[in-house]
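Chemist: Structure supplied as upload-v3.cif; contents: mmCIF, C-alpha atoms.
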```cif
data_my_file
#
loop_
_atom_site.group_PDB
_atom_site.id
_atom_site.type_symbol
_atom_site.label_atom_id
_atom_site.label_comp_id
_atom_site.auth_asym_id
_atom_site.auth_seq_id
_atom_site.Cartn_x
_atom_site.Cartn_y
_atom_site.Cartn_z
ATOM 1 C CA MET A 1 3.716 14.125 -1.797
ATOM 2 C CA LYS A 2 0.705 16.434 -1.568
ATOM 3 C CA SER A 3 -0.598 15.264 -4.921
ATOM 4 C CA ARG A 4 -0.348 11.617 -3.811
ATOM 5 C CA PHE A 5 -2.285 12.467 -0.650
ATOM 6 C CA THR A 6 -4.989 14.201 -2.696
ATOM 7 C CA ILE A 7 -5.273 11.238 -5.068
ATOM 8 C CA SER A 8 -5.593 8.867 -2.117
ATOM 9 C CA ILE A 9 -8.426 10.954 -0.645
ATOM 10 C CA LEU A 10 -10.252 11.098 -3.978
ATOM 11 C CA ALA A 11 -9.911 7.351 -4.440
ATOM 12 C CA GLY A 12 -11.285 6.796 -0.945
ATOM 13 C CA VAL A 13 -14.253 9.060 -1.633
ATOM 14 C CA LEU A 14 -15.028 7.221 -4.876
ATOM 15 C CA LEU A 15 -14.840 3.825 -3.187
ATOM 16 C CA LEU A 16 -17.081 5.032 -0.384
ATOM 17 C CA ALA A 17 -19.604 6.409 -2.867
ATOM 18 C CA GLU A 18 -19.589 3.118 -4.750
ATOM 19 C CA SER A 19 -20.059 1.088 -1.581
ATOM 20 C CA ARG A 20 -23.037 3.274 -0.648
ATOM 21 C CA ALA A 21 -24.632 3.165 -4.094
ATOM 22 C CA GLU A 22 -28.347 2.653 -3.692
ATOM 23 C CA LYS A 23 -29.267 -0.938 -4.402
ATOM 24 C CA SER A 24 -32.630 -1.751 -5.890
ATOM 25 C CA LEU A 25 -34.484 -4.738 -7.289
ATOM 26 C CA ILE A 26 -35.601 -4.518 -10.908
ATOM 27 C CA ASP A 27 -37.119 -6.750 -13.543
ATOM 28 C CA ALA A 28 -34.374 -7.329 -16.098
ATOM 29 C CA TYR A 29 -35.672 -8.595 -19.437
ATOM 30 C CA GLN A 30 -33.436 -10.919 -21.428
ATOM 31 C CA PRO A 31 -33.595 -12.571 -24.870
ATOM 32 C CA THR A 32 -33.763 -16.210 -23.855
ATOM 33 C CA SER A 33 -33.064 -19.420 -25.741
ATOM 34 C CA LEU A 34 -35.721 -22.127 -25.630
ATOM 35 C CA LEU A 35 -33.292 -24.926 -26.449
ATOM 36 C CA GLY A 36 -33.821 -27.721 -23.983
ATOM 37 C CA THR A 37 -37.570 -27.105 -23.859
ATOM 38 C CA GLU A 38 -40.352 -28.388 -26.098
ATOM 39 C CA VAL A 39 -41.853 -25.070 -27.167
ATOM 40 C CA GLU A 40 -41.323 -22.307 -29.699
ATOM 41 C CA CYS A 41 -42.318 -18.674 -29.429
ATOM 42 C CA ASP A 42 -43.157 -15.577 -31.475
ATOM 43 C CA PRO A 43 -41.359 -12.991 -29.293
ATOM 44 C CA LEU A 44 -41.365 -10.219 -31.908
ATOM 45 C CA GLY A 45 -45.012 -10.584 -32.890
ATOM 46 C CA THR A 46 -44.125 -11.124 -36.540
ATOM 47 C CA GLY A 47 -45.476 -14.639 -36.977
ATOM 48 C CA GLU A 48 -41.963 -16.123 -36.971
ATOM 49 C CA TRP A 49 -41.932 -19.033 -34.526
ATOM 50 C CA ILE A 50 -38.420 -19.508 -33.199
ATOM 51 C CA ALA A 51 -36.594 -21.269 -30.356
ATOM 52 C CA ALA A 52 -36.402 -18.105 -28.280
ATOM 53 C CA THR A 53 -38.502 -15.854 -26.080
ATOM 54 C CA ILE A 54 -38.245 -12.810 -23.806
ATOM 55 C CA VAL A 55 -38.378 -13.363 -20.059
ATOM 56 C CA SER A 56 -37.833 -11.173 -17.013
ATOM 57 C CA ARG A 57 -35.884 -12.056 -13.907
ATOM 58 C CA PRO A 58 -35.344 -10.127 -10.662
ATOM 59 C CA VAL A 59 -31.889 -8.567 -10.497
ATOM 60 C CA ILE A 60 -30.337 -6.414 -7.783
ATOM 61 C CA ILE A 61 -28.536 -3.413 -9.232
ATOM 62 C CA GLY A 62 -26.540 -0.704 -7.528
ATOM 63 C CA GLY A 63 -25.164 2.019 -9.724
ATOM 64 C CA ALA A 64 -25.888 4.630 -12.330
ATOM 65 C CA PHE A 65 -28.728 4.769 -14.830
ATOM 66 C CA PRO A 66 -28.747 3.517 -17.559
ATOM 67 C CA GLU A 67 -25.465 1.612 -17.127
ATOM 68 C CA SER A 68 -26.644 -0.759 -14.381
ATOM 69 C CA PRO A 69 -30.003 -1.878 -15.835
ATOM 70 C CA VAL A 70 -28.472 -2.296 -19.301
ATOM 71 C CA ARG A 71 -25.750 -4.460 -17.793
ATOM 72 C CA ALA A 72 -28.465 -6.569 -16.156
ATOM 73 C CA VAL A 73 -29.917 -7.379 -19.580
ATOM 74 C CA SER A 74 -26.609 -9.042 -20.512
ATOM 75 C CA LEU A 75 -26.090 -11.068 -17.337
ATOM 76 C CA PRO A 76 -25.555 -14.822 -17.760
ATOM 77 C CA HIS A 77 -28.645 -16.854 -16.988
ATOM 78 C CA LYS A 78 -29.107 -20.544 -16.305
ATOM 79 C CA ILE A 79 -32.777 -21.480 -16.117
ATOM 80 C CA ALA A 80 -33.811 -22.386 -12.576
ATOM 81 C CA GLY A 81 -35.002 -25.940 -12.130
ATOM 82 C CA ALA A 82 -33.263 -27.130 -15.285
ATOM 83 C CA THR A 83 -32.707 -30.863 -15.393
ATOM 84 C CA GLU A 84 -29.415 -32.597 -16.152
ATOM 85 C CA GLY A 85 -28.281 -31.994 -19.711
ATOM 86 C CA PHE A 86 -30.097 -28.656 -20.018
ATOM 87 C CA PRO A 87 -27.972 -25.920 -21.658
ATOM 88 C CA GLU A 88 -25.716 -24.137 -19.176
ATOM 89 C CA GLU A 89 -26.496 -20.712 -20.661
ATOM 90 C CA SER A 90 -29.832 -19.327 -21.871
ATOM 91 C CA ASN A 91 -29.227 -15.591 -22.396
ATOM 92 C CA LEU A 92 -28.880 -15.229 -26.168
ATOM 93 C CA ILE A 93 -26.642 -12.172 -25.827
ATOM 94 C CA VAL A 94 -24.150 -14.299 -23.902
ATOM 95 C CA ILE A 95 -24.559 -17.319 -26.185
ATOM 96 C CA VAL A 96 -23.716 -15.397 -29.391
ATOM 97 C CA GLY A 97 -20.979 -13.317 -27.742
ATOM 98 C CA GLY A 98 -22.594 -9.877 -27.791
ATOM 99 C CA ASP A 99 -21.460 -6.970 -25.627
ATOM 100 C CA VAL A 100 -24.240 -4.577 -24.626
ATOM 101 C CA HIS A 101 -23.406 -1.670 -22.346
ATOM 102 C CA ALA A 102 -24.424 1.946 -21.750
ATOM 103 C CA GLU A 103 -22.502 5.196 -21.474
ATOM 104 C CA TRP A 104 -23.737 8.291 -19.629
ATOM 105 C CA GLY A 105 -23.745 11.632 -21.426
ATOM 106 C CA GLN A 106 -24.467 15.262 -20.553
ATOM 107 C CA THR A 107 -27.335 15.724 -23.014
ATOM 108 C CA GLU A 108 -28.065 12.128 -24.001
ATOM 109 C CA ASP A 109 -27.080 8.653 -22.930
ATOM 110 C CA GLN A 110 -25.974 5.955 -25.332
ATOM 111 C CA ILE A 111 -26.283 2.183 -25.480
ATOM 112 C CA ILE A 112 -23.624 0.365 -27.480
ATOM 113 C CA ALA A 113 -25.055 -2.932 -28.683
ATOM 114 C CA ASP A 114 -21.861 -4.497 -29.987
ATOM 115 C CA PHE A 115 -22.495 -7.722 -31.891
ATOM 116 C CA SER A 116 -19.485 -7.235 -34.174
ATOM 117 C CA LYS A 117 -17.834 -10.409 -32.854
ATOM 118 C CA ALA A 118 -21.022 -12.399 -32.449
ATOM 119 C CA LYS A 119 -21.285 -15.954 -33.759
ATOM 120 C CA VAL A 120 -24.536 -17.895 -33.859
ATOM 121 C CA PRO A 121 -24.042 -21.573 -32.977
ATOM 122 C CA GLU A 122 -25.543 -24.178 -35.272
ATOM 123 C CA ASN A 123 -29.041 -25.336 -34.374
ATOM 124 C CA LEU A 124 -29.639 -22.310 -32.130
ATOM 125 C CA GLY A 125 -32.990 -21.845 -33.845
ATOM 126 C CA VAL A 126 -32.679 -18.056 -34.098
ATOM 127 C CA THR A 127 -30.795 -15.633 -36.350
ATOM 128 C CA LEU A 128 -28.426 -12.906 -35.214
ATOM 129 C CA ILE A 129 -30.817 -10.189 -36.415
ATOM 130 C CA GLN A 130 -33.594 -11.755 -34.347
ATOM 131 C CA VAL A 131 -31.317 -11.786 -31.299
ATOM 132 C CA MET A 132 -30.581 -8.098 -31.851
ATOM 133 C CA LYS A 133 -34.263 -7.242 -32.250
ATOM 134 C CA MET A 134 -35.136 -9.088 -29.050
ATOM 135 C CA THR A 135 -32.273 -7.293 -27.294
ATOM 136 C CA ALA A 136 -33.821 -3.967 -28.312
ATOM 137 C CA VAL A 137 -37.171 -4.967 -26.827
ATOM 138 C CA CYS A 138 -35.478 -6.155 -23.628
ATOM 139 C CA MET A 139 -33.581 -2.901 -23.174
ATOM 140 C CA GLU A 140 -36.737 -0.858 -23.635
ATOM 141 C CA LYS A 141 -38.761 -2.990 -21.219
ATOM 142 C CA THR A 142 -35.961 -2.972 -18.636
ATOM 143 C CA LEU A 143 -35.234 0.747 -18.809
ATOM 144 C CA GLY A 144 -38.867 1.802 -18.868
ATOM 145 C CA THR A 145 -39.982 5.004 -20.558
ATOM 146 C CA GLN A 146 -39.623 7.581 -17.782
ATOM 147 C CA HIS A 147 -36.058 8.680 -18.584
ATOM 148 C CA GLU A 148 -35.527 12.431 -18.915
ATOM 149 C CA LYS A 149 -32.689 12.405 -21.446
ATOM 150 C CA PRO A 150 -32.737 10.656 -24.827
ATOM 151 C CA ILE A 151 -31.114 7.217 -24.835
ATOM 152 C CA LYS A 152 -29.612 6.501 -28.252
ATOM 153 C CA ILE A 153 -28.659 3.021 -29.430
ATOM 154 C CA LYS A 154 -25.582 2.278 -31.524
ATOM 155 C CA TRP A 155 -25.678 -1.120 -33.242
ATOM 156 C CA LEU A 156 -22.556 -2.955 -34.384
ATOM 157 C CA ALA A 157 -22.771 -6.109 -36.519
ATOM 158 C CA PRO A 158 -20.155 -8.584 -37.788
ATOM 159 C CA GLU A 159 -18.418 -7.883 -41.058
ATOM 160 C CA GLY A 160 -20.641 -8.959 -43.922
ATOM 161 C CA VAL A 161 -23.894 -8.632 -41.945
ATOM 162 C CA SER A 162 -26.006 -5.705 -43.173
ATOM 163 C CA LEU A 163 -28.353 -3.876 -40.817
ATOM 164 C CA THR A 164 -29.908 -1.779 -43.597
ATOM 165 C CA ASP A 165 -33.189 -3.686 -43.638
ATOM 166 C CA ALA A 166 -33.126 -4.855 -40.023
ATOM 167 C CA ARG A 167 -35.221 -1.920 -38.787
ATOM 168 C CA LEU A 168 -33.464 -1.818 -35.451
ATOM 169 C CA PRO A 169 -34.469 1.110 -33.210
ATOM 170 C CA THR A 170 -31.948 3.889 -32.760
ATOM 171 C CA GLU A 171 -33.411 5.225 -29.515
ATOM 172 C CA ILE A 172 -35.285 3.961 -26.460
ATOM 173 C CA ARG A 173 -38.865 5.176 -26.774
ATOM 174 C CA LYS A 174 -40.328 7.668 -24.325
ATOM 175 C CA THR A 175 -43.706 7.571 -22.616
ATOM 176 C CA GLY A 176 -46.638 7.760 -25.028
ATOM 177 C CA GLU A 177 -44.707 6.796 -28.143
ATOM 178 C CA GLN A 178 -46.102 3.962 -30.189
ATOM 179 C CA ALA A 179 -44.385 0.626 -30.647
ATOM 180 C CA GLY A 180 -42.246 0.384 -33.751
ATOM 181 C CA ALA A 181 -42.554 -2.198 -36.487
ATOM 182 C CA GLY A 182 -41.496 -5.664 -35.440
ATOM 183 C CA GLN A 183 -41.900 -5.001 -31.706
ATOM 184 C CA PRO A 184 -44.463 -7.056 -29.792
ATOM 185 C CA ALA A 185 -47.637 -5.302 -28.708
ATOM 186 C CA THR A 186 -48.518 -8.065 -26.261
ATOM 187 C CA ALA A 187 -46.768 -10.707 -24.208
ATOM 188 C CA PRO A 188 -44.972 -13.369 -26.294
ATOM 189 C CA GLN A 189 -46.950 -16.480 -27.148
ATOM 190 C CA LEU A 190 -45.599 -19.977 -26.694
ATOM 191 C CA LYS A 191 -46.356 -22.837 -29.048
ATOM 192 C CA PRO A 192 -46.049 -26.370 -27.630
ATOM 193 C CA GLU A 193 -44.136 -28.585 -30.027
ATOM 194 C CA GLY A 194 -46.337 -30.791 -32.193
ATOM 195 C CA LYS A 195 -49.481 -28.713 -31.750
ATOM 196 C CA GLU A 196 -51.184 -26.375 -34.162
ATOM 197 C CA LYS A 197 -49.670 -22.895 -34.278
ATOM 198 C CA PRO A 198 -51.830 -20.189 -32.682
ATOM 199 C CA GLN A 199 -52.622 -17.393 -35.122
ATOM 200 C CA PRO A 200 -50.697 -14.149 -34.420
ATOM 201 C CA GLU A 201 -52.804 -11.450 -32.797
ATOM 202 C CA ALA A 202 -53.806 -8.467 -34.856
ATOM 203 C CA GLU A 203 -51.086 -5.864 -35.196
ATOM 204 C CA GLY A 204 -51.422 -2.282 -34.107
ATOM 205 C CA ARG A 205 -52.488 -2.822 -30.487
ATOM 206 C CA SER A 206 -50.732 -0.626 -27.946
ATOM 207 C CA ARG A 207 -48.727 -2.226 -25.180
#
```
Mind turning the file's structure into structure tokens?
Modeler:
Amino acid sequence: MKSRFTISILAGVLLLAESRAEKSLIDAYQPTSLLGTEVECDPLGTGEWIAATIVSRPVIIGGAFPESPVRAVSLPHKIAGATEGFPEESNLIVIVGGDVHAEWGQTEDQIIADFSKAKVPENLGVTLIQVMKMTAVCMEKTLGTQHEKPIKIKWLAPEGVSLTDARLPTEIRKTGEQAGAGQPATAPQLKPEGKEKPQPEAEGRSR
């Protein structure tokens, strides 16, 4: 009886703590499909023009770091102002069936970017590796670089998909560290369909 009473008190305390979790407004960056528009983009700064980009949206979060902001990166997203017939979902993580979440640790936190069950629909205009690379950029931009503990990233891919040459980051960078290969140094560029492609900016610029 006493143990049941203790459990009830603990559960009440946890619920109260959750209900009083500090809520804040953040910019959550998401890998976003451009299907339904008339533009392409070079979101990774590699000169590969694809039907995808990286956009931010305001999201209210209330919970632990880094779990809450990482969860915000994976939230479903229908583009505001979309006309009839526009795709219902634009977040590429959701479209391909990825599961990106974070786990708190004593000495380091970890992000599990699980794309092991991901499937890329036909005519999506982007590869799974490109979706994963954009996801890495989004997590870094959303989390910022002020974290005290290391934040490691564990990548999981479908059977038969090799990540050996993908050059995916294994950790969220800290303040002052330089951008890795394949990550954009500047804001993504958009290319209107049917017009001449803008030339990629010179590599090596700091963000």
Chemist: Just want the 8 Å neighbourhood of range 130-138 of chain A, counted on only C-alpha atoms, with same-chain residues fewer than 5 positions away dropped. Output as number ranges by chain.
Modeler: A: 28-31, 43-44, 54, 73, 92-93, 168-169, 183
Chemist: Just want the 12 Å neighbourhood of range 80-84 of chain A, counted on only C-alpha atoms, with same-chain residues fewer than 4 positions away dropped. Output as an MDAnalysis selection string.
Modeler: chainID A and resid 34:37 57 88:90
Chemist: From the options A:Ile172, A:Ile60, A:Leu124, A:Ala118, which residue's atoms come nearest to Thr32 in chain A, counting all atoms listed in the file?
Modeler: A:Leu124
Chemist: Taking (-21.0, -0.9, -33.3) in the file's coordinates as the center, which residues reach within 12 Å of it, counting all atoms listed in the file, put as number ranges by chain?
Modeler: A: 98-101, 110-118, 153-159, 161, 163, 170
Chemist: Can you tell me how far CA of Asn123 in chain A sits from CA of Ser56 in chain A, in Å to one decimal?
Modeler: 24.1 Å
Chemist: Considering only C-alpha atoms, return as a PyMOL selection string whatever protein or nucleic-acid residues lie within 12 Å of Pro66 in chain A, sequence-local ones (same chain, fewer than 5 positions apart) excluded.
Modeler: chain A and resi 61+71-73+100-105+108-112+139-140+142-153+172
Chemist: Using all atoms listed in the file, pick whichever of A:Ser74, A:Ser162, A:Asn91, A:Ser24 has the shortest atom-to-atom distance to Gly62 in chain A.
Modeler: A:Ser24
Chemist: To one decimal place in Å, what is the distance between CA of Asp42 in chain A and CA of Val120 in chain A?
Modeler: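 That distance, rounded to one decimal, is 18.9 Å.
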Chemist: Enter the distance from CA of Pro76 in chain A to CA of Glu38 in chain A, in Å, rounded to one decimal.
Modeler: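 Separation between CA of Pro76 in chain A and CA of Glu38 in chain A: 21.7 Å.
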